[in-house]
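One structure below.
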Amino acid sequence: MKAVFYEEYGDISKFQIGDRPRPVPGPKDVLIQMKGAGLNPVDYKLRNHWIPDWPQALPIITGWDVAGVVVEVGSEVQKFKVGDEVYSYNRPAFDDPEHAPTEQVIGVDGCAAEYVRVAEWKVALKPKSISFAEASGIPLACLTSYQGIFEHGGLQPGQNLLVLNASGGTGSFAVQLAVNRGINVVGTCSSRNKEFVESLGAKVIDYTTGNVVEQVKAIFPNGADVVYDCIGGDQTQIGIDALSENGIIVSIAHFTVDSLAAASGKRGTAFLVKVSGQQLDEIAHLVDEGKLKVARVTEFPLSRAIEAFELLESHRATGKIVLTNE
């Protein structure tokens, strides 16, 4: 099968597009014919070997987000059948005590390939109302937001949420998920994205004009109960300063946010998004009910994967970049 992979770590020149063995599903696996594979920054971070502590083995087929059609099922699979249209976040669950013993290392079951083997528990039926390409842009970004604001932030209806970079992939999902739960949302973005973020249901603060903390406090006088930080850098401290007395900042971009927040007498946490077919099922229902808008996708065929990664790594893309299977 055709796949995008690398046999040594390094820059984008290390990517190859070529043949790899077609995976054979185990008893509890499904084999998906890829129709869309969403790209994420973690893909090139792994290729550059910036995360060496995670279990991985060369050669590595890149990609963790997939949408497609089930073409084979293992003998013990119960939820899915051949022909089902599905999607998945297929990261190896090396951090999950229940599933880690049966998981492959990073690279064996990457999603930028014609066929992808996925454990049944990681899979959900894709939203019916959107394309495969659109569906493949959802899993990592939306699961991150879902877990970040609800599980780690503990947000409840009626509370206040500040999203730093509300126009980005995960930030825009966070806005919508929170609004659907009856949470008051303020999001930061630039003026060019103001209408988009407002259309999702958030009040907008243009981070390029004026003091962000003062603007937040003008809307939330006691501060935000949860700050969801999708930017990192200097913005993390701004998020900490915008917290309420008992609030918490959840960051996906600043992995020492706990100590940084503690220095200001506040709480902070960072996390690694976990795999969850069950949460993807809930997200699919929200999409089909019209309660969750998906990001705009830019599609590249598998044969042009290098161009797709050039765009991703340029940081100039809007929305999600997706590979499709010709």
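Labeling convention for the structure tokens: chains A, B, ... as they appear, residues from 1 per chain, ligands from 1 in order of appearance.
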
Report as a Markdown table: every residue of segment 254-323 of chain A with an atom at most 9 Å from segment 149-158 of chain A, its closest pair of atoms, and their distance in Å to one decimal, counting only C-alpha atoms, with rows sorted by chain and ascending residue number.
```
| residue | atom | partner | partner_atom | distance |
| --- | --- | --- | --- | --- |
| A:Thr269 | CA | A:His152 | CA | 7.6 |
| A:Ala270 | CA | A:His152 | CA | 8.5 |
| A:Phe271 | CA | A:His152 | CA | 8.1 |
```

Output file for the selection above: N, CA, C and O atoms, as an mmCIF file, in the first residue's frame:
```
data_model
loop_
_atom_site.group_PDB
_atom_site.id
_atom_site.type_symbol
_atom_site.label_atom_id
_atom_site.label_comp_id
_atom_site.auth_asym_id
_atom_site.auth_seq_id
_atom_site.Cartn_x
_atom_site.Cartn_y
_atom_site.Cartn_z
ATOM 1 N N THR A 269 -2.583 23.323 34.680
ATOM 2 C CA THR A 269 -2.302 21.945 34.304
ATOM 3 C C THR A 269 -2.112 21.838 32.797
ATOM 4 O O THR A 269 -2.712 22.595 32.028
ATOM 5 N N ALA A 270 -1.274 20.912 32.385
ATOM 6 C CA ALA A 270 -1.104 20.552 30.978
ATOM 7 C C ALA A 270 -1.412 19.059 30.865
ATOM 8 O O ALA A 270 -1.376 18.331 31.865
ATOM 9 N N PHE A 271 -1.707 18.584 29.667
ATOM 10 C CA PHE A 271 -2.112 17.186 29.539
ATOM 11 C C PHE A 271 -1.843 16.673 28.138
ATOM 12 O O PHE A 271 -1.650 17.443 27.197
#
```

Can you tell me, as a VMD selection string, which residues in segment 101-289 of chain A count as strand (DSSP E or B) by DSSP? chain A and resid 106 113 115 to 119 123 to 125 160 to 164 184 to 189 203 to 206 224 to 229 243 to 251 267 to 270

For Tyr115 of chain A, work out the shell of residues within 12 Å, counting only C-alpha atoms and skipping chain neighbours fewer than 3 positions away, then give it as a VMD selection string. chain A and resid 1 to 4 19 to 25 30 to 37 61 66 to 72 108 to 112 118 302 324 to 325

List every residue of segment 40-213 of chain A that DSSP, applied to the backbone, labels as helix (DSSP H, G or I), and write the result as a VMD selection string. chain A and resid 41 to 47 100 to 102 120 to 122 132 to 136 139 to 152 169 to 180 191 to 199 212 to 213

Which neighbours of Gln104 of chain A fall inside 12 Å, counting only C-alpha atoms, when residues of the same chain fewer than 6 positions from it are skipped, and could you give them as JSON, numbers by chain? {"A": [26, 54, 55, 56, 57, 60, 90, 91, 92, 93, 94, 110, 117, 118, 119]}

When distances are computed from only C-alpha atoms, which of A:Asp229, A:Glu7, A:Glu299, A:Glu245 shows the smallest separation from Gly107 of chain A?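 Using only C-alpha atoms, Gly107 of chain A sits closest to A:Glu7.
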
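Using only C-alpha atoms for every distance, the candidate list A:Ala178, A:Val227, A:Ile249, A:Leu272 yields A:Ala178 as the residue closest to Leu292 of chain A.
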
Within 7 Å of segment 209-216 of chain A using only C-alpha atoms, minus same-chain residues under 3 positions, as a ChimeraX atom specification: /A:205-206,219-220,223,238,241-242

Residues from the last selection, N, CA and C atoms, saved as a short mmCIF file (atom, residue, chain, number, x, y, z; two decimals), in the first residue's frame:
```cif
data_model
loop_
_atom_site.label_atom_id
_atom_site.label_comp_id
_atom_site.auth_asym_id
_atom_site.auth_seq_id
_atom_site.Cartn_x
_atom_site.Cartn_y
_atom_site.Cartn_z
N ILE A 205 -12.16 39.21 22.08
CA ILE A 205 -11.15 40.19 22.44
C ILE A 205 -10.05 40.13 21.39
N ASP A 206 -9.77 41.27 20.78
CA ASP A 206 -8.68 41.37 19.81
C ASP A 206 -7.38 41.53 20.59
N ILE A 219 -15.52 41.96 31.04
CA ILE A 219 -16.62 41.03 30.72
C ILE A 219 -16.88 40.08 31.88
N PHE A 220 -15.82 39.54 32.45
CA PHE A 220 -15.90 38.67 33.62
C PHE A 220 -15.25 39.40 34.79
N GLY A 223 -12.98 37.46 36.84
CA GLY A 223 -12.03 36.64 36.09
C GLY A 223 -12.67 35.39 35.52
N ILE A 238 -0.57 35.81 30.59
CA ILE A 238 -1.76 36.65 30.45
C ILE A 238 -2.99 35.85 30.87
N ASP A 241 -3.15 35.59 34.62
CA ASP A 241 -3.57 36.87 35.23
C ASP A 241 -5.06 37.13 35.06
N ALA A 242 -5.67 36.45 34.07
CA ALA A 242 -7.10 36.65 33.81
C ALA A 242 -7.98 35.68 34.60
#
```

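Residue nearest Gly233 of chain A, chosen from A:Ile252, A:Leu143, A:Val197, A:Leu177 and counting only C-alpha atoms: A:Ile252.
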
Atom CA of Ile183 of chain A and atom CA of Leu161 of chain A are how many Å apart?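 Atom-to-atom, atom CA of Ile183 of chain A and atom CA of Leu161 of chain A are spaced 7.0 Å apart.
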
Extract, using only C-alpha atoms, all DNA, RNA and protein residues at most 7 Å from Glu76 of chain A, discarding same-chain residues fewer than 2 positions from it, and format them as a list in words.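 Within the cut-off, the hits are Pro27, Lys28, Gly74 and Gln78 of chain A.
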